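Trainee: So that you have it, the file is coords_39.pdb, and it contains PDB, C-alpha atoms:
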ATOM      1  CA  MET A  15      33.082  75.714 134.222
ATOM      2  CA  ALA A  16      32.403  79.413 134.527
ATOM      3  CA  THR A  17      29.884  80.897 132.086
ATOM      4  CA  LEU A  18      30.396  84.287 130.510
ATOM      5  CA  SER A  19      27.617  86.691 131.348
ATOM      6  CA  ARG A  20      26.324  89.014 128.587
ATOM      7  CA  PRO A  21      26.957  92.657 129.386
ATOM      8  CA  ARG A  22      23.839  94.576 130.214
ATOM      9  CA  THR A  23      22.869  97.357 127.830
ATOM     10  CA  ALA A  24      21.470 100.571 129.155
ATOM     11  CA  PRO A  25      17.806 101.224 128.225
ATOM     12  CA  ALA A  26      17.366 103.527 125.267
ATOM     13  CA  LYS A  27      16.599 107.059 126.311
ATOM     14  CA  THR A  28      13.994 109.175 124.575
ATOM     15  CA  SER A  29      15.590 112.240 123.104
ATOM     16  CA  PRO A  30      14.316 115.653 124.253
ATOM     17  CA  ALA A  31      13.326 116.466 120.669
ATOM     18  CA  LYS A  32      11.036 113.407 120.525
ATOM     19  CA  LYS A  33       9.471 114.355 123.846
ATOM     20  CA  VAL A  34       8.757 117.847 122.558
ATOM     21  CA  ARG A  35       7.230 116.496 119.326
ATOM     22  CA  SER A  36       5.100 114.015 121.266
ATOM     23  CA  ARG A  37       3.873 116.746 123.612
ATOM     24  CA  ASP A  38       3.137 119.083 120.695
ATOM     25  CA  GLY A  39       1.220 116.303 118.972
ATOM     26  CA  LEU A  40      -0.957 115.778 122.042
ATOM     27  CA  TRP A  41      -1.692 119.501 122.320
ATOM     28  CA  ALA A  42      -2.482 119.664 118.601
ATOM     29  CA  ALA A  43      -4.906 116.746 118.935
ATOM     30  CA  PHE A  44      -6.483 118.413 121.981
ATOM     31  CA  PHE A  45      -7.173 121.670 120.148
ATOM     32  CA  LEU A  46      -8.261 119.944 116.925
ATOM     33  CA  ALA A  47     -10.641 117.528 118.657
ATOM     34  CA  PRO A  48     -13.599 119.975 118.994
ATOM     35  CA  GLN A  49     -13.352 120.911 115.314
ATOM     36  CA  VAL A  50     -13.088 117.291 114.209
ATOM     37  CA  VAL A  51     -16.025 116.251 116.400
ATOM     38  CA  GLY A  52     -18.093 119.157 115.104
ATOM     39  CA  LEU A  53     -17.184 118.295 111.503
ATOM     40  CA  VAL A  54     -18.220 114.680 111.966
ATOM     41  CA  VAL A  55     -21.386 115.332 113.992
ATOM     42  CA  PHE A  56     -22.736 118.345 112.108
ATOM     43  CA  LEU A  57     -21.483 117.733 108.550
ATOM     44  CA  ILE A  58     -20.345 114.226 107.697
ATOM     45  CA  VAL A  59     -23.055 112.317 109.601
ATOM     46  CA  PRO A  60     -25.966 114.540 108.379
ATOM     47  CA  LEU A  61     -24.626 114.337 104.823
ATOM     48  CA  GLY A  62     -24.507 110.550 105.016
ATOM     49  CA  LEU A  63     -28.025 110.397 106.458
ATOM     50  CA  ALA A  64     -29.303 112.737 103.740
ATOM     51  CA  VAL A  65     -27.816 110.536 101.031
ATOM     52  CA  VAL A  66     -29.460 107.446 102.506
ATOM     53  CA  LEU A  67     -32.771 109.236 103.060
ATOM     54  CA  ALA A  68     -32.798 110.456  99.450
ATOM     55  CA  PHE A  69     -33.468 106.871  98.360
ATOM     56  CA  MET A  70     -36.365 106.427 100.778
ATOM     57  CA  GLN A  71     -39.960 107.530 101.195
ATOM     58  CA  TRP A  72     -40.479 108.882 104.700
ATOM     59  CA  GLY A  73     -42.942 111.327 106.225
ATOM     60  CA  GLY A  74     -41.164 111.755 109.539
ATOM     61  CA  ILE A  75     -43.214 109.419 111.736
ATOM     62  CA  ASP A  76     -44.223 106.568 109.441
ATOM     63  CA  GLU A  77     -42.086 103.640 108.361
ATOM     64  CA  GLN A  78     -39.257 104.307 105.944
ATOM     65  CA  LYS A  79     -39.656 102.682 102.544
ATOM     66  CA  TRP A  80     -36.863 102.131 100.050
ATOM     67  CA  VAL A  81     -37.779 103.611  96.647
ATOM     68  CA  GLY A  82     -34.414 103.769  94.905
ATOM     69  CA  PHE A  83     -34.003 106.605  92.407
ATOM     70  CA  ASP A  84     -37.722 107.458  92.304
ATOM     71  CA  ASN A  85     -37.243 110.605  94.401
ATOM     72  CA  PHE A  86     -34.586 111.909  92.025
ATOM     73  CA  ALA A  87     -36.697 111.108  88.965
ATOM     74  CA  THR A  88     -39.702 112.853  90.511
ATOM     75  CA  GLN A  89     -37.714 115.993  91.258
ATOM     76  CA  LEU A  90     -36.083 116.137  87.844
ATOM     77  CA  SER A  91     -39.517 115.900  86.177
ATOM     78  CA  ASP A  92     -41.216 118.324  88.582
ATOM     79  CA  PRO A  93     -41.913 121.742  86.966
ATOM     80  CA  MET A  94     -41.677 123.442  90.376
ATOM     81  CA  PHE A  95     -38.169 122.102  90.940
ATOM     82  CA  GLY A  96     -37.157 123.067  87.412
ATOM     83  CA  ARG A  97     -38.457 126.611  87.995
ATOM     84  CA  ALA A  98     -36.523 126.770  91.272
ATOM     85  CA  VAL A  99     -33.320 125.687  89.513
ATOM     86  CA  TRP A 100     -33.782 128.288  86.772
ATOM     87  CA  ASN A 101     -34.505 131.052  89.293
ATOM     88  CA  THR A 102     -31.391 130.116  91.263
ATOM     89  CA  ILE A 103     -29.247 130.168  88.124
ATOM     90  CA  LYS A 104     -30.660 133.576  87.121
ATOM     91  CA  ILE A 105     -29.797 135.009  90.535
ATOM     92  CA  ALA A 106     -26.254 133.670  90.218
ATOM     93  CA  LEU A 107     -25.855 135.001  86.663
ATOM     94  CA  ILE A 108     -26.775 138.512  87.837
ATOM     95  CA  THR A 109     -25.225 138.746  91.281
ATOM     96  CA  VAL A 110     -21.841 137.133  90.635
ATOM     97  CA  PRO A 111     -20.551 139.152  87.631
ATOM     98  CA  VAL A 112     -22.181 142.439  88.617
ATOM     99  CA  GLY A 113     -21.292 142.178  92.306
ATOM    100  CA  LEU A 114     -17.667 141.178  91.708
ATOM    101  CA  SER A 115     -17.165 143.806  89.000
ATOM    102  CA  LEU A 116     -18.406 146.556  91.315
ATOM    103  CA  ALA A 117     -16.257 145.211  94.143
ATOM    104  CA  VAL A 118     -13.116 145.256  91.989
ATOM    105  CA  LEU A 119     -13.714 148.835  90.825
ATOM    106  CA  ILE A 120     -14.444 150.064  94.357
ATOM    107  CA  ALA A 121     -11.417 148.225  95.784
ATOM    108  CA  VAL A 122      -9.101 149.756  93.169
ATOM    109  CA  ALA A 123     -10.527 153.217  93.877
ATOM    110  CA  LEU A 124     -10.217 152.862  97.657
ATOM    111  CA  ASN A 125      -6.703 151.453  97.385
ATOM    112  CA  SER A 126      -5.462 154.712  95.879
ATOM    113  CA  ILE A 127      -6.923 157.141  98.428
ATOM    114  CA  LYS A 128      -6.038 158.010 102.001
ATOM    115  CA  GLY A 129      -8.317 157.066 104.853
ATOM    116  CA  SER A 130      -9.503 153.900 103.129
ATOM    117  CA  SER A 131     -10.002 152.182 106.506
ATOM    118  CA  PHE A 132     -13.100 154.308 107.131
ATOM    119  CA  TYR A 133     -14.592 153.333 103.775
ATOM    120  CA  ARG A 134     -13.768 149.668 104.330
ATOM    121  CA  VAL A 135     -15.709 149.733 107.594
ATOM    122  CA  LEU A 136     -18.548 151.573 105.873
ATOM    123  CA  TYR A 137     -18.795 149.042 103.035
ATOM    124  CA  PHE A 138     -18.418 146.100 105.415
ATOM    125  CA  MET A 139     -21.280 147.082 107.720
ATOM    126  CA  PRO A 140     -24.009 145.310 105.655
ATOM    127  CA  VAL A 141     -21.968 142.096 105.815
ATOM    128  CA  VAL A 142     -22.134 141.940 109.625
ATOM    129  CA  THR A 143     -25.787 142.985 109.661
ATOM    130  CA  SER A 144     -28.355 140.227 110.086
ATOM    131  CA  SER A 145     -29.819 139.088 106.779
ATOM    132  CA  VAL A 146     -33.293 139.338 108.316
ATOM    133  CA  ALA A 147     -32.691 142.997 109.205
ATOM    134  CA  VAL A 148     -31.345 143.653 105.702
ATOM    135  CA  ALA A 149     -34.424 142.056 104.137
ATOM    136  CA  LEU A 150     -36.820 144.040 106.339
ATOM    137  CA  ILE A 151     -35.089 147.317 105.460
ATOM    138  CA  TRP A 152     -35.214 146.585 101.741
ATOM    139  CA  GLN A 153     -38.855 145.553 102.028
ATOM    140  CA  VAL A 154     -39.627 149.147 102.976
ATOM    141  CA  ILE A 155     -37.392 150.520 100.220
ATOM    142  CA  LEU A 156     -38.831 148.326  97.462
ATOM    143  CA  ALA A 157     -42.454 148.220  98.627
ATOM    144  CA  ASP A 158     -45.119 148.993  96.055
ATOM    145  CA  GLY A 159     -47.418 152.008  96.268
ATOM    146  CA  GLU A 160     -47.134 154.977  98.584
ATOM    147  CA  ASN A 161     -45.209 153.040 101.237
ATOM    148  CA  GLY A 162     -42.283 152.235  98.986
ATOM    149  CA  VAL A 163     -39.336 154.606  99.405
ATOM    150  CA  LEU A 164     -37.883 153.912  95.959
ATOM    151  CA  ASN A 165     -41.162 154.081  94.043
ATOM    152  CA  THR A 166     -42.236 157.243  95.833
ATOM    153  CA  SER A 167     -38.896 158.919  95.106
ATOM    154  CA  LEU A 168     -38.953 157.956  91.424
ATOM    155  CA  ARG A 169     -42.509 159.228  91.041
ATOM    156  CA  LYS A 170     -41.839 162.481  92.901
ATOM    157  CA  TRP A 171     -38.471 163.407  91.383
ATOM    158  CA  PHE A 172     -38.646 161.964  87.864
ATOM    159  CA  GLY A 173     -42.335 161.263  87.253
ATOM    160  CA  ILE A 174     -41.574 157.558  86.680
ATOM    161  CA  THR A 175     -44.114 154.895  87.564
ATOM    162  CA  ALA A 176     -41.916 152.118  88.904
ATOM    163  CA  PRO A 177     -42.924 148.448  88.797
ATOM    164  CA  ASP A 178     -43.919 146.276  91.716
ATOM    165  CA  TRP A 179     -40.382 145.201  92.604
ATOM    166  CA  LEU A 180     -41.267 142.422  95.033
ATOM    167  CA  GLY A 181     -44.647 141.330  93.672
ATOM    168  CA  SER A 182     -44.001 141.143  89.936
ATOM    169  CA  PRO A 183     -42.515 137.829  88.679
ATOM    170  CA  GLU A 184     -40.592 139.797  86.039
ATOM    171  CA  TRP A 185     -38.879 142.115  88.552
ATOM    172  CA  VAL A 186     -38.532 139.991  91.673
ATOM    173  CA  ILE A 187     -35.276 138.366  90.515
ATOM    174  CA  VAL A 188     -33.814 141.813  89.803
ATOM    175  CA  SER A 189     -34.871 142.978  93.276
ATOM    176  CA  ILE A 190     -33.297 139.941  94.920
ATOM    177  CA  ALA A 191     -30.100 140.498  92.923
ATOM    178  CA  ILE A 192     -29.920 144.159  93.983
ATOM    179  CA  VAL A 193     -30.278 143.322  97.669
ATOM    180  CA  THR A 194     -27.831 140.408  97.443
ATOM    181  CA  ILE A 195     -25.200 142.533  95.705
ATOM    182  CA  TRP A 196     -25.632 145.329  98.247
ATOM    183  CA  SER A 197     -25.336 143.005 101.252
ATOM    184  CA  SER A 198     -22.258 141.123  99.983
ATOM    185  CA  LEU A 199     -20.407 144.003  98.330
ATOM    186  CA  GLY A 200     -18.402 144.929 101.414
ATOM    187  CA  LEU A 201     -16.943 141.458 101.874
ATOM    188  CA  ASN A 202     -15.754 141.302  98.273
ATOM    189  CA  VAL A 203     -14.314 144.828  98.487
ATOM    190  CA  VAL A 204     -12.258 143.910 101.557
ATOM    191  CA  ILE A 205     -11.035 140.688  99.911
ATOM    192  CA  PHE A 206      -9.997 142.515  96.737
ATOM    193  CA  MET A 207      -8.269 145.253  98.710
ATOM    194  CA  ALA A 208      -6.280 142.569 100.516
ATOM    195  CA  GLY A 209      -5.361 141.110  97.133
ATOM    196  CA  LEU A 210      -4.246 144.514  95.864
ATOM    197  CA  GLN A 211      -1.988 144.917  98.896
ATOM    198  CA  THR A 212      -0.001 141.853  97.767
ATOM    199  CA  ILE A 213       0.863 143.368  94.365
ATOM    200  CA  PRO A 214       4.351 144.955  94.508
ATOM    201  CA  PRO A 215       4.194 148.730  93.899
ATOM    202  CA  GLN A 216       7.251 148.416  91.629
ATOM    203  CA  VAL A 217       5.030 146.745  89.037
ATOM    204  CA  PHE A 218       2.769 149.790  88.795
ATOM    205  CA  GLU A 219       5.790 152.073  88.745
ATOM    206  CA  ALA A 220       7.279 150.127  85.829
ATOM    207  CA  ALA A 221       3.977 150.343  83.919
ATOM    208  CA  ARG A 222       3.843 154.090  84.516
ATOM    209  CA  ILE A 223       7.432 154.532  83.286
ATOM    210  CA  ASP A 224       6.581 152.543  80.147
ATOM    211  CA  GLY A 225       3.821 155.058  79.409
ATOM    212  CA  ALA A 226       0.800 152.869  80.244
ATOM    213  CA  SER A 227      -2.421 154.741  80.894
ATOM    214  CA  ALA A 228      -4.595 154.108  83.939
ATOM    215  CA  LEU A 229      -6.951 151.895  81.896
ATOM    216  CA  GLN A 230      -4.054 149.942  80.372
ATOM    217  CA  THR A 231      -2.499 149.461  83.801
ATOM    218  CA  PHE A 232      -5.810 148.174  85.121
ATOM    219  CA  ARG A 233      -6.304 145.734  82.225
ATOM    220  CA  ARG A 234      -2.712 144.572  81.746
ATOM    221  CA  VAL A 235      -1.341 144.678  85.295
ATOM    222  CA  THR A 236      -3.999 144.883  88.000
ATOM    223  CA  LEU A 237      -6.487 142.314  86.702
ATOM    224  CA  PRO A 238      -3.907 139.599  85.827
ATOM    225  CA  LEU A 239      -2.140 139.930  89.190
ATOM    226  CA  LEU A 240      -5.483 140.048  90.993
ATOM    227  CA  SER A 241      -6.862 137.019  89.134
ATOM    228  CA  PRO A 242      -6.222 134.495  91.974
ATOM    229  CA  THR A 243      -8.275 136.656  94.333
ATOM    230  CA  ILE A 244     -10.969 137.096  91.677
ATOM    231  CA  PHE A 245     -11.098 133.342  91.158
ATOM    232  CA  PHE A 246     -11.461 132.695  94.901
ATOM    233  CA  SER A 247     -14.227 135.298  95.241
ATOM    234  CA  THR A 248     -16.013 133.911  92.174
ATOM    235  CA  VAL A 249     -16.103 130.382  93.577
ATOM    236  CA  VAL A 250     -17.371 131.602  96.948
ATOM    237  CA  ALA A 251     -19.956 133.923  95.360
ATOM    238  CA  VAL A 252     -21.335 131.209  93.066
ATOM    239  CA  ILE A 253     -21.694 128.722  95.925
ATOM    240  CA  SER A 254     -23.352 131.372  98.093
ATOM    241  CA  SER A 255     -25.809 132.356  95.339
ATOM    242  CA  LEU A 256     -26.784 128.737  94.721
ATOM    243  CA  GLN A 257     -27.593 128.352  98.427
ATOM    244  CA  ALA A 258     -29.566 131.596  98.796
ATOM    245  CA  PHE A 259     -32.519 131.238 101.149
ATOM    246  CA  ASP A 260     -32.907 133.370 104.294
ATOM    247  CA  LEU A 261     -32.705 136.811 102.703
ATOM    248  CA  ILE A 262     -35.102 135.780  99.904
ATOM    249  CA  TYR A 263     -37.508 134.092 102.312
ATOM    250  CA  VAL A 264     -37.910 137.233 104.419
ATOM    251  CA  LEU A 265     -37.759 139.705 101.529
ATOM    252  CA  VAL A 266     -40.283 138.104  99.169
ATOM    253  CA  ASP A 267     -41.823 134.977 100.765
ATOM    254  CA  PRO A 268     -41.423 132.687  97.725
ATOM    255  CA  LYS A 269     -44.507 130.613  98.516
ATOM    256  CA  ASP A 270     -46.576 133.601  97.347
ATOM    257  CA  ASN A 271     -44.363 134.390  94.343
ATOM    258  CA  GLU A 272     -43.146 131.482  92.215
ATOM    259  CA  GLY A 273     -40.700 133.799  90.464
ATOM    260  CA  ALA A 274     -38.651 133.944  93.688
ATOM    261  CA  GLN A 275     -38.500 130.236  94.479
ATOM    262  CA  THR A 276     -34.984 128.833  94.739
ATOM    263  CA  ILE A 277     -33.617 125.322  95.168
ATOM    264  CA  VAL A 278     -33.062 125.713  98.895
ATOM    265  CA  PHE A 279     -36.604 127.026  99.354
ATOM    266  CA  ARG A 280     -37.894 124.015  97.424
ATOM    267  CA  VAL A 281     -35.925 121.756  99.779
ATOM    268  CA  TYR A 282     -37.485 123.598 102.724
ATOM    269  CA  GLU A 283     -41.016 123.279 101.287
ATOM    270  CA  LEU A 284     -40.716 119.566 100.621
ATOM    271  CA  GLY A 285     -39.325 118.834 104.055
ATOM    272  CA  PHE A 286     -41.148 121.169 106.432
ATOM    273  CA  ARG A 287     -44.403 121.903 104.613
ATOM    274  CA  ASP A 288     -45.156 118.650 102.776
ATOM    275  CA  PHE A 289     -43.182 116.382 105.178
ATOM    276  CA  GLU A 290     -41.663 114.523 102.230
ATOM    277  CA  PHE A 291     -38.222 114.109 103.745
ATOM    278  CA  GLY A 292     -37.085 111.670 101.077
ATOM    279  CA  MET A 293     -37.994 114.123  98.320
ATOM    280  CA  SER A 294     -36.393 116.955 100.265
ATOM    281  CA  SER A 295     -33.167 115.000 100.689
ATOM    282  CA  ALA A 296     -33.132 114.128  96.982
ATOM    283  CA  ALA A 297     -33.532 117.819  96.078
ATOM    284  CA  SER A 298     -30.680 118.750  98.440
ATOM    285  CA  ILE A 299     -28.435 116.099  96.885
ATOM    286  CA  LEU A 300     -29.235 117.487  93.431
ATOM    287  CA  LEU A 301     -28.248 120.942  94.705
ATOM    288  CA  LEU A 302     -24.999 119.469  96.011
ATOM    289  CA  LEU A 303     -24.286 117.881  92.631
ATOM    290  CA  LEU A 304     -25.082 121.137  90.809
ATOM    291  CA  THR A 305     -22.740 123.069  93.114
ATOM    292  CA  LEU A 306     -20.025 120.461  92.676
ATOM    293  CA  ILE A 307     -20.319 120.504  88.869
ATOM    294  CA  VAL A 308     -20.226 124.301  88.677
ATOM    295  CA  THR A 309     -17.214 124.433  91.023
ATOM    296  CA  LEU A 310     -15.328 121.801  89.022
ATOM    297  CA  ILE A 311     -16.004 123.762  85.825
ATOM    298  CA  GLN A 312     -14.593 126.870  87.488
ATOM    299  CA  PHE A 313     -11.462 125.043  88.593
ATOM    300  CA  ALA A 314     -11.011 123.610  85.112
ATOM    301  CA  ALA A 315     -11.418 127.046  83.520
ATOM    302  CA  GLN A 316      -9.063 128.807  85.922
ATOM    303  CA  LYS A 317      -6.015 127.626  83.968
ATOM    304  CA  ARG A 318      -6.927 130.044  81.186
ATOM    305  CA  PHE A 319      -7.333 133.265  83.139
ATOM    306  CA  VAL A 320      -5.728 132.841  86.571
ATOM    307  CA  HIS A 321      -2.064 133.836  86.762
ATOM    308  CA  TYR A 322      -0.095 132.589  89.730
ATOM    309  CA  ASP A 323       3.358 133.835  90.629
ATOM    310  CA  SER A 324       5.995 131.238  89.878
TER     311      SER A 324
END
How would this structure read if it were set down as structure tokens?

Mentor:
Amino acid sequence: MATLSRPRTAPAKTSPAKKVRSRDGLWAAFFLAPQVVGLVVFLIVPLGLAVVLAFMQWGGIDEQKWVGFDNFATQLSDPMFGRAVWNTIKIALITVPVGLSLAVLIAVALNSIKGSSFYRVLYFMPVVTSSVAVALIWQVILADGENGVLNTSLRKWFGITAPDWLGSPEWVIVSIAIVTIWSSLGLNVVIFMAGLQTIPPQVFEAARIDGASALQTFRRVTLPLLSPTIFFSTVVAVISSLQAFDLIYVLVDPKDNEGAQTIVFRVYELGFRDFEFGMSSAASILLLLLTLIVTLIQFAAQKRFVHYDS
């Protein structure tokens, strides 16, 4: 009896579109791999090790000892760490509002004049300058006595005896804030000018037709439409001010002036001067938590003053 053979089906062919997507996926993975490896090796792994080390007592070469939350309790009760936190907060409270306010005003002024590209380059030059070079220049400007450019000028032109900007605990925070604002002003100006470019000119024309003055246009039109850019710059500026270290270290040398000590400098001291790597890691984790809390507060508050286009 003859058996019926089942007809053979042709093998399924891969569509050209699937081949293209598969090839694009491989190329995407190839180009993303260095970034992913760098993220894991230089960020995620060190962060995990720092978290683990924060619960240990370790001097670098001796045996690691688990101490639980003792490192955190020691830092929270340490007057030096508390002073560093307060100094860091004071720097942020001065530099963020003053620096961003100046940047907004300068960006609005430059946006309405011709040849603004030249001024953008001029304002942006301190941003691309090494922070060490910036600190050394301002050391000469703010130096006390006859060597200080600012003090000498104030005494010669106005007869004012200026304070010791970098040596006085009362004025060192102001000096740090001035230098920080000057060095970061160009970046914020460029960001705000980019934000102003996205505002349709018809909006300003409508405000002018309605009889709004320049101040009213700035308050009622420019600031609300620029609020997403202001919010972004505020978050970045706050995080940057909480992590301030290199410029302050060269400008003032906080180990000789407790009024200039910041959280990051305290982390540096504990780790590389006292070799208390557990304490240093605990202080860095506390800085991370402080930054996270402040950022979450900013994101929660943005609903009240940030206006996004629907």

Trainee: To one decimal place, how far is CA of Arg37 in chain A from CA of Val55 in chain A in Å?

Mentor: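 Rounded to one decimal, the two atoms are 27.1 Å apart.
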
Trainee: Would you please work out which residue, of A:Val188, A:Leu168, A:Met94, A:Val204, is nearest to Val135 in chain A when using all atoms listed in the file?

Mentor: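 Distance minimum relative to Val135 in chain A lands on A:Val204.
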
Trainee: For the file shown, what are the residues hit by the PyMOL selection byres ((chain A and resi 314-320) around 8), laid out as a list in words?

Mentor: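 So the PyMOL selection byres ((chain A and resi 314-320) around 8), applied here, picks out Pro238, Ser241, Pro242, Phe245, Leu310, Ile311, Gln312, Phe313, His321 and Tyr322 of chain A.
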
Trainee: Produce a file of the selected residues containing C-alpha atoms, as a CSV table (one decimal), in the frame of the given file.

Mentor:
chain,number,residue,atom,x,y,z
A,238,PRO,CA,-3.9,139.6,85.8
A,241,SER,CA,-6.9,137.0,89.1
A,242,PRO,CA,-6.2,134.5,92.0
A,245,PHE,CA,-11.1,133.3,91.2
A,310,LEU,CA,-15.3,121.8,89.0
A,311,ILE,CA,-16.0,123.8,85.8
A,312,GLN,CA,-14.6,126.9,87.5
A,313,PHE,CA,-11.5,125.0,88.6
A,321,HIS,CA,-2.1,133.8,86.8
A,322,TYR,CA,-0.1,132.6,89.7

Trainee: For a test of reading the model, state the distance in Å between CA of Thr248 in chain A and CA of Lys128 in chain A, rounded to one decimal.

Mentor: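 These two atoms are separated by 27.9 Å.
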
Trainee: To verify the selection step, state as number ranges by chain which residues the PyMOL selection byres ((chain A and resi 99) around 9) yields on this input.

Mentor: A: 94-98, 100-104, 256, 275-277, 301

Trainee: Could you list the residues chosen by the PyMOL selection byres ((chain A and resi 139) around 12) in this structure as JSON, numbers by chain?

Mentor: {"A": [132, 133, 134, 135, 136, 137, 138, 140, 141, 142, 143, 144, 145, 148, 196, 197, 198, 199, 200, 201, 203, 204]}

Trainee: Pick out the closest residue to Ala68 in chain A from this set: A:Met293, A:Ile262, A:Val235, A:Ala47. Count only C-alpha atoms.

Mentor: A:Met293

Trainee: Excluding same-chain residues fewer than 4 positions from Gly162 in chain A, what lies within 12 Å of it counting all atoms listed in the file, as a short mmCIF file (atom, residue, chain, number, x, y, z; two decimals) with C-alpha atoms, in the frame of the given file?

Mentor:
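Now in part05.cif:
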data_model
loop_
_atom_site.label_atom_id
_atom_site.label_comp_id
_atom_site.auth_asym_id
_atom_site.auth_seq_id
_atom_site.Cartn_x
_atom_site.Cartn_y
_atom_site.Cartn_z
CA ILE A 151 -35.09 147.32 105.46
CA TRP A 152 -35.21 146.58 101.74
CA GLN A 153 -38.85 145.55 102.03
CA VAL A 154 -39.63 149.15 102.98
CA ILE A 155 -37.39 150.52 100.22
CA LEU A 156 -38.83 148.33 97.46
CA ALA A 157 -42.45 148.22 98.63
CA ASP A 158 -45.12 148.99 96.06
CA THR A 166 -42.24 157.24 95.83
CA SER A 167 -38.90 158.92 95.11
CA LEU A 168 -38.95 157.96 91.42
CA ARG A 169 -42.51 159.23 91.04
CA LYS A 170 -41.84 162.48 92.90
CA THR A 175 -44.11 154.90 87.56
CA ALA A 176 -41.92 152.12 88.90
CA PRO A 177 -42.92 148.45 88.80
CA ASP A 178 -43.92 146.28 91.72
CA TRP A 179 -40.38 145.20 92.60
CA LEU A 180 -41.27 142.42 95.03
#

Trainee: Could you work out how far CA of Val281 in chain A lies from CA of Ser247 in chain A, giving the answer in Å with one decimal?

Mentor: 26.0 Å
